[in-house]
file final_27.pdb (PDB, C-alpha atoms)
ATOM      1  CA  MET A   1      -6.097 -15.756  -7.017
ATOM      2  CA  LYS A   2      -4.415 -12.495  -7.893
ATOM      3  CA  LEU A   3      -4.605  -9.914  -5.125
ATOM      4  CA  LYS A   4      -4.481  -7.140  -7.710
ATOM      5  CA  LYS A   5      -7.732  -8.413  -9.211
ATOM      6  CA  VAL A   6      -9.420  -8.738  -5.822
ATOM      7  CA  LEU A   7      -8.673  -5.184  -4.705
ATOM      8  CA  THR A   8      -8.933  -2.665  -7.532
ATOM      9  CA  LYS A   9      -7.267   0.742  -7.434
ATOM     10  CA  GLU A  10     -10.637   2.407  -6.775
ATOM     11  CA  GLU A  11     -11.545   0.042  -3.924
ATOM     12  CA  TYR A  12      -8.095   0.536  -2.471
ATOM     13  CA  ALA A  13      -8.516   4.323  -2.531
ATOM     14  CA  LYS A  14     -11.943   4.084  -0.861
ATOM     15  CA  ILE A  15     -10.581   1.986   2.003
ATOM     16  CA  ARG A  16      -7.651   4.303   2.501
ATOM     17  CA  TYR A  17      -9.617   7.525   2.108
ATOM     18  CA  LYS A  18     -11.416   6.776   5.365
ATOM     19  CA  ARG A  19      -8.020   6.994   7.128
ATOM     20  CA  ARG A  20      -8.242   3.609   8.713
ATOM     21  CA  GLU A  21      -6.343   0.460   7.918
ATOM     22  CA  ALA A  22      -7.947  -2.711   6.617
ATOM     23  CA  ALA A  23      -6.441  -6.193   6.954
ATOM     24  CA  CYS A  24      -7.083  -9.879   6.416
ATOM     25  CA  PHE A  25      -5.420 -13.251   6.700
ATOM     26  CA  ILE A  26      -4.574 -15.161   3.529
ATOM     27  CA  TYR A  27      -4.907 -18.956   3.474
ATOM     28  CA  TYR A  28      -3.911 -21.861   1.286
ATOM     29  CA  ARG A  29      -5.932 -25.081   1.156
ATOM     30  CA  PRO A  30      -3.898 -28.098  -0.003
ATOM     31  CA  ALA A  31      -7.050 -30.168  -0.625
ATOM     32  CA  ASP A  32      -8.055 -28.034  -3.617
ATOM     33  CA  GLY A  33      -4.883 -26.020  -4.273
ATOM     34  CA  GLN A  34      -6.786 -22.744  -3.798
ATOM     35  CA  TYR A  35      -5.957 -19.538  -1.942
ATOM     36  CA  TYR A  36      -8.578 -17.908   0.272
ATOM     37  CA  ILE A  37      -8.912 -14.432   1.728
ATOM     38  CA  GLY A  38     -10.262 -14.297   5.277
ATOM     39  CA  LYS A  39     -12.730 -11.730   6.608
ATOM     40  CA  THR A  40     -11.595  -8.135   6.229
ATOM     41  CA  LYS A  41     -11.047  -6.360   9.548
ATOM     42  CA  TYR A  42     -10.919  -2.567   9.923
ATOM     43  CA  GLY A  43      -8.983  -0.401  12.341
ATOM     44  CA  GLU A  44     -10.372   2.624  14.131
ATOM     45  CA  PRO A  45     -10.599   5.816  12.046
ATOM     46  CA  VAL A  46      -7.821   8.305  12.765
ATOM     47  CA  SER A  47      -7.418  11.981  11.932
ATOM     48  CA  ASP A  48      -4.662  14.449  11.176
ATOM     49  CA  ASP A  49      -1.240  12.777  11.219
ATOM     50  CA  ALA A  50      -2.150  10.093  13.798
ATOM     51  CA  GLN A  51      -0.795   6.633  13.099
ATOM     52  CA  ALA A  52      -3.410   4.088  12.012
ATOM     53  CA  SER A  53      -3.457   0.401  12.906
ATOM     54  CA  VAL A  54      -5.703  -2.623  12.668
ATOM     55  CA  TYR A  55      -6.081  -5.653  14.937
ATOM     56  CA  LEU A  56      -6.535  -8.921  13.048
ATOM     57  CA  GLY A  57      -7.571 -11.137  15.924
ATOM     58  CA  SER A  58      -7.574 -14.908  15.559
ATOM     59  CA  SER A  59      -6.289 -16.572  12.407
ATOM     60  CA  LEU A  60      -8.446 -19.681  12.926
ATOM     61  CA  PRO A  61     -10.158 -20.539   9.622
ATOM     62  CA  VAL A  62     -13.571 -20.943  11.293
ATOM     63  CA  GLU A  63     -13.399 -17.318  12.485
ATOM     64  CA  ASN A  64     -12.433 -15.988   9.060
ATOM     65  CA  GLY A  65     -14.995 -17.580   6.763
ATOM     66  CA  VAL A  66     -12.648 -19.988   4.998
ATOM     67  CA  PRO A  67     -12.606 -23.817   4.851
ATOM     68  CA  LYS A  68     -11.569 -25.341   8.176
ATOM     69  CA  ASP A  69      -8.632 -27.200   6.606
ATOM     70  CA  ALA A  70      -7.152 -24.045   5.048
ATOM     71  CA  ILE A  71      -3.720 -23.039   6.350
ATOM     72  CA  CYS A  72      -2.978 -19.422   7.218
ATOM     73  CA  ILE A  73       0.067 -18.393   5.178
ATOM     74  CA  THR A  74       0.302 -14.632   5.723
ATOM     75  CA  THR A  75      -1.450 -11.353   6.432
ATOM     76  CA  CYS A  76      -2.307  -8.462   4.159
ATOM     77  CA  HIS A  77      -3.106  -4.911   5.248
ATOM     78  CA  THR A  78      -3.359  -1.396   3.878
ATOM     79  CA  HIS A  79      -1.598   1.790   4.857
ATOM     80  CA  THR A  80      -3.596   5.004   4.826
ATOM     81  CA  PRO A  81      -2.971   8.181   2.850
ATOM     82  CA  PHE A  82      -1.175  11.116   4.441
ATOM     83  CA  LEU A  83      -3.851  13.796   4.180
ATOM     84  CA  ASP A  84      -2.901  16.298   6.879
ATOM     85  CA  GLY A  85       0.253  17.751   8.379
ATOM     86  CA  SER A  86       2.925  20.300   7.637
ATOM     87  CA  PHE A  87       5.060  20.055   4.507
ATOM     88  CA  GLU A  88       8.090  19.168   6.647
ATOM     89  CA  GLN A  89       6.376  15.928   7.624
ATOM     90  CA  GLU A  90       6.662  12.819   5.511
ATOM     91  CA  ARG A  91       6.028   9.093   5.663
ATOM     92  CA  GLU A  92       8.222   6.478   4.087
ATOM     93  CA  VAL A  93       6.151   4.115   1.960
ATOM     94  CA  GLY A  94       6.156   0.363   2.400
ATOM     95  CA  PRO A  95       6.213  -1.688   5.584
ATOM     96  CA  SER A  96       6.611   0.225   8.835
ATOM     97  CA  LYS A  97       8.757  -0.696  11.830
ATOM     98  CA  GLY A  98       5.533  -1.890  13.461
ATOM     99  CA  ASP A  99       4.833  -4.189  10.523
ATOM    100  CA  TYR A 100       8.244  -5.829  10.893
ATOM    101  CA  ALA A 101       7.763  -6.079  14.669
ATOM    102  CA  TYR A 102       4.449  -7.893  14.140
ATOM    103  CA  LEU A 103       6.220 -10.542  12.057
ATOM    104  CA  SER A 104       8.946 -11.049  14.633
ATOM    105  CA  ASN A 105       6.379 -11.395  17.443
ATOM    106  CA  GLY A 106       4.657 -14.524  16.223
ATOM    107  CA  ASP A 107       2.742 -13.662  13.068
ATOM    108  CA  GLU A 108       1.440 -16.644  11.135
ATOM    109  CA  SER A 109       4.213 -16.442   8.547
ATOM    110  CA  ASN A 110       7.704 -15.300   7.702
ATOM    111  CA  TYR A 111       6.433 -12.548   5.431
ATOM    112  CA  GLY A 112       3.623 -10.027   5.210
ATOM    113  CA  ILE A 113       1.909  -8.006   2.516
ATOM    114  CA  VAL A 114       1.132  -4.304   2.753
ATOM    115  CA  LEU A 115      -0.708  -2.187   0.190
ATOM    116  CA  ASP A 116       0.675   1.338   0.167
ATOM    117  CA  TYR A 117       1.632   4.043  -2.325
ATOM    118  CA  VAL A 118       4.550   4.116  -4.771
ATOM    119  CA  GLY A 119       5.626   7.476  -3.335
ATOM    120  CA  ILE A 120       8.115  10.087  -4.516
ATOM    121  CA  PHE A 121      11.813   9.250  -4.631
ATOM    122  CA  VAL A 122      13.975  11.343  -2.278
ATOM    123  CA  GLN A 123      17.646  11.097  -3.270
ATOM    124  CA  GLY A 124      19.678   9.041  -0.816
ATOM    125  CA  ARG A 125      16.674   8.188   1.364
ATOM    126  CA  GLY A 126      14.027   6.220  -0.508
ATOM    127  CA  TYR A 127      10.364   6.698  -1.401
ATOM    128  CA  TYR A 128       8.024   8.921   0.627
ATOM    129  CA  ILE A 129       4.562  10.435   0.593
ATOM    130  CA  PHE A 130       3.878  13.952   1.821
ATOM    131  CA  PRO A 131       0.808  15.627   3.368
ATOM    132  CA  GLY A 132      -1.972  16.415   0.941
ATOM    133  CA  HIS A 133      -1.036  13.925  -1.767
ATOM    134  CA  ASN A 134      -3.893  12.539  -3.853
ATOM    135  CA  VAL A 135      -5.602   9.496  -2.298
ATOM    136  CA  THR A 136      -5.790   7.945  -5.761
ATOM    137  CA  ASP A 137      -2.011   8.114  -6.275
ATOM    138  CA  THR A 138      -0.604   4.890  -7.687
ATOM    139  CA  PRO A 139      -0.769   2.047  -5.143
ATOM    140  CA  GLN A 140       1.888  -0.606  -4.782
ATOM    141  CA  MET A 141       2.031  -3.980  -3.048
ATOM    142  CA  TYR A 142       5.035  -4.613  -0.798
ATOM    143  CA  ILE A 143       6.036  -8.062   0.434
ATOM    144  CA  TYR A 144       8.252  -7.829   3.496
ATOM    145  CA  TYR A 145      10.139 -10.490   5.417
ATOM    146  CA  ASN A 146      11.081 -11.017   9.060
ATOM    147  CA  ASN A 147      14.601 -12.187   8.190
ATOM    148  CA  GLY A 148      15.753  -8.756   7.027
ATOM    149  CA  ARG A 149      15.317  -9.523   3.340
ATOM    150  CA  ILE A 150      14.742  -6.469   1.192
ATOM    151  CA  THR A 151      11.112  -5.779   0.365
ATOM    152  CA  ASP A 152       9.703  -6.982  -2.959
ATOM    153  CA  LYS A 153       7.476  -4.465  -4.779
ATOM    154  CA  TYR A 154       4.650  -5.113  -7.222
ATOM    155  CA  SER A 155       2.902  -2.329  -9.107
ATOM    156  CA  PHE A 156      -0.831  -2.265  -9.746
ATOM    157  CA  ASN A 157      -0.166  -0.802 -13.201
ATOM    158  CA  ASN A 158       0.987  -4.107 -14.746
TER     159      ASN A 158
END

call {"tool": "encode", "arguments": {"input": "final_27.pdb", "output": "structure tokens"}}
result
Amino acid sequence: MKLKKVLTKEEYAKIRYKRREAACFIYYRPADGQYYIGKTKYGEPVSDDAQASVYLGSSLPVENGVPKDAICITTCHTHTPFLDGSFEQEREVGPSKGDYAYLSNGDESNYGIVLDYVGIFVQGRGYYIFPGHNVTDTPQMYIYYNNGRITDKYSFNN
């Protein structure tokens, strides 16, 4: 299973355009060597520059539509676009402090996946998005770790 094939750029933009996060658990089943994506959960819609979130609930396979012997290996969620706000505002792309906190507070794995934007490079600071950017800007997948390891990035343009 390739996550890039499961969630196309257009689908990704539609989810994010609603200004609510979407998330799911990802499983591996040793019996058949396959990966499975659990049920997609959606956060509450937010407006303006409010922070979005999503609650995943239980990771039990039976509650996520996957084989009962599948093992939860991680989570995957989206970040929303930054549609409103003043030009002085900005949001760093990639995993948030809350995403890292979720891992350190008993997530199912030692890493997580977030789908966000590539962003614009700001010298000496990193990559950011700014209010009013296009919701179809290039998305990027970030894999982040609870041991402080630097985030891995994977482009959807490959």

call {"tool": "atom_distance", "arguments": {"input": "final_27.pdb", "atom1": "CA of Leu115 in chain A", "atom2": "CA of Asp32 in chain A"}}
result
27.1 Å

call {"tool": "resolve_selection", "arguments": {"input": "final_27.pdb", "expression": "the PyMOL selection byres ((chain A and resi 64) around 10)", "output": "list in words"}}
result
Cys24, Phe25, Ile26, Tyr27, Tyr36, Ile37, Gly38, Lys39, Thr40, Lys41, Gly57, Ser58, Ser59, Leu60, Pro61, Val62, Glu63, Gly65, Val66, Pro67 and Lys68 of chain A

call {"tool": "residues_around", "arguments": {"input": "final_27.pdb", "residues": "Val114 in chain A", "least_positions_apart": "6", "cutoff": "8 Å", "atoms": "all atoms listed in the file", "output": "PyMOL selection string"}}
result
chain A and resi 76-79+94-95+141-144

call {"tool": "residues_near_point", "arguments": {"input": "final_27.pdb", "point": "(10.8, -7.1, 12.4)", "cutoff": "12 Å", "atoms": "only C-alpha atoms", "output": "ChimeraX atom specification"}}
result
/A:95-107,110-112,144-150

call {"tool": "residues_near_point", "arguments": {"input": "final_27.pdb", "point": "(-2.2, -21.9, 7.4)", "cutoff": "7 Å", "atoms": "all atoms listed in the file", "output": "list in words"}}
result
Tyr27, Tyr28, Ala70, Ile71, Cys72 and Ile73 of chain A

call {"tool": "atom_distance", "arguments": {"input": "final_27.pdb", "atom1": "CA of Glu90 in chain A", "atom2": "CA of Asn134 in chain A"}}
result
14.1 Å

call {"tool": "resolve_selection", "arguments": {"input": "final_27.pdb", "expression": "the PyMOL selection byres ((chain A and resi 116) around 12)", "output": "ChimeraX atom specification"}}
result
/A:9,12-13,15-16,21-22,76-82,91-96,113-115,117-119,127-129,135-143,153-156

call {"tool": "atom_distance", "arguments": {"input": "final_27.pdb", "atom1": "CA of Ala50 in chain A", "atom2": "CA of Asp152 in chain A"}}
result
26.7 Å

call {"tool": "closest_residue", "arguments": {"input": "final_27.pdb", "among": "A:Tyr42, A:Ala23, A:Arg29, A:Gln89", "to": "Asp69 in chain A", "atoms": "only C-alpha atoms"}}
result
A:Arg29

call {"tool": "resolve_selection", "arguments": {"input": "final_27.pdb", "expression": "the PyMOL selection byres ((chain A and resi 46) around 10)", "output": "list in words"}}
result
Lys18, Arg19, Arg20, Glu21, Gly43, Glu44, Pro45, Ser47, Asp48, Asp49, Ala50, Gln51, Ala52, Ser53 and Thr80 of chain A
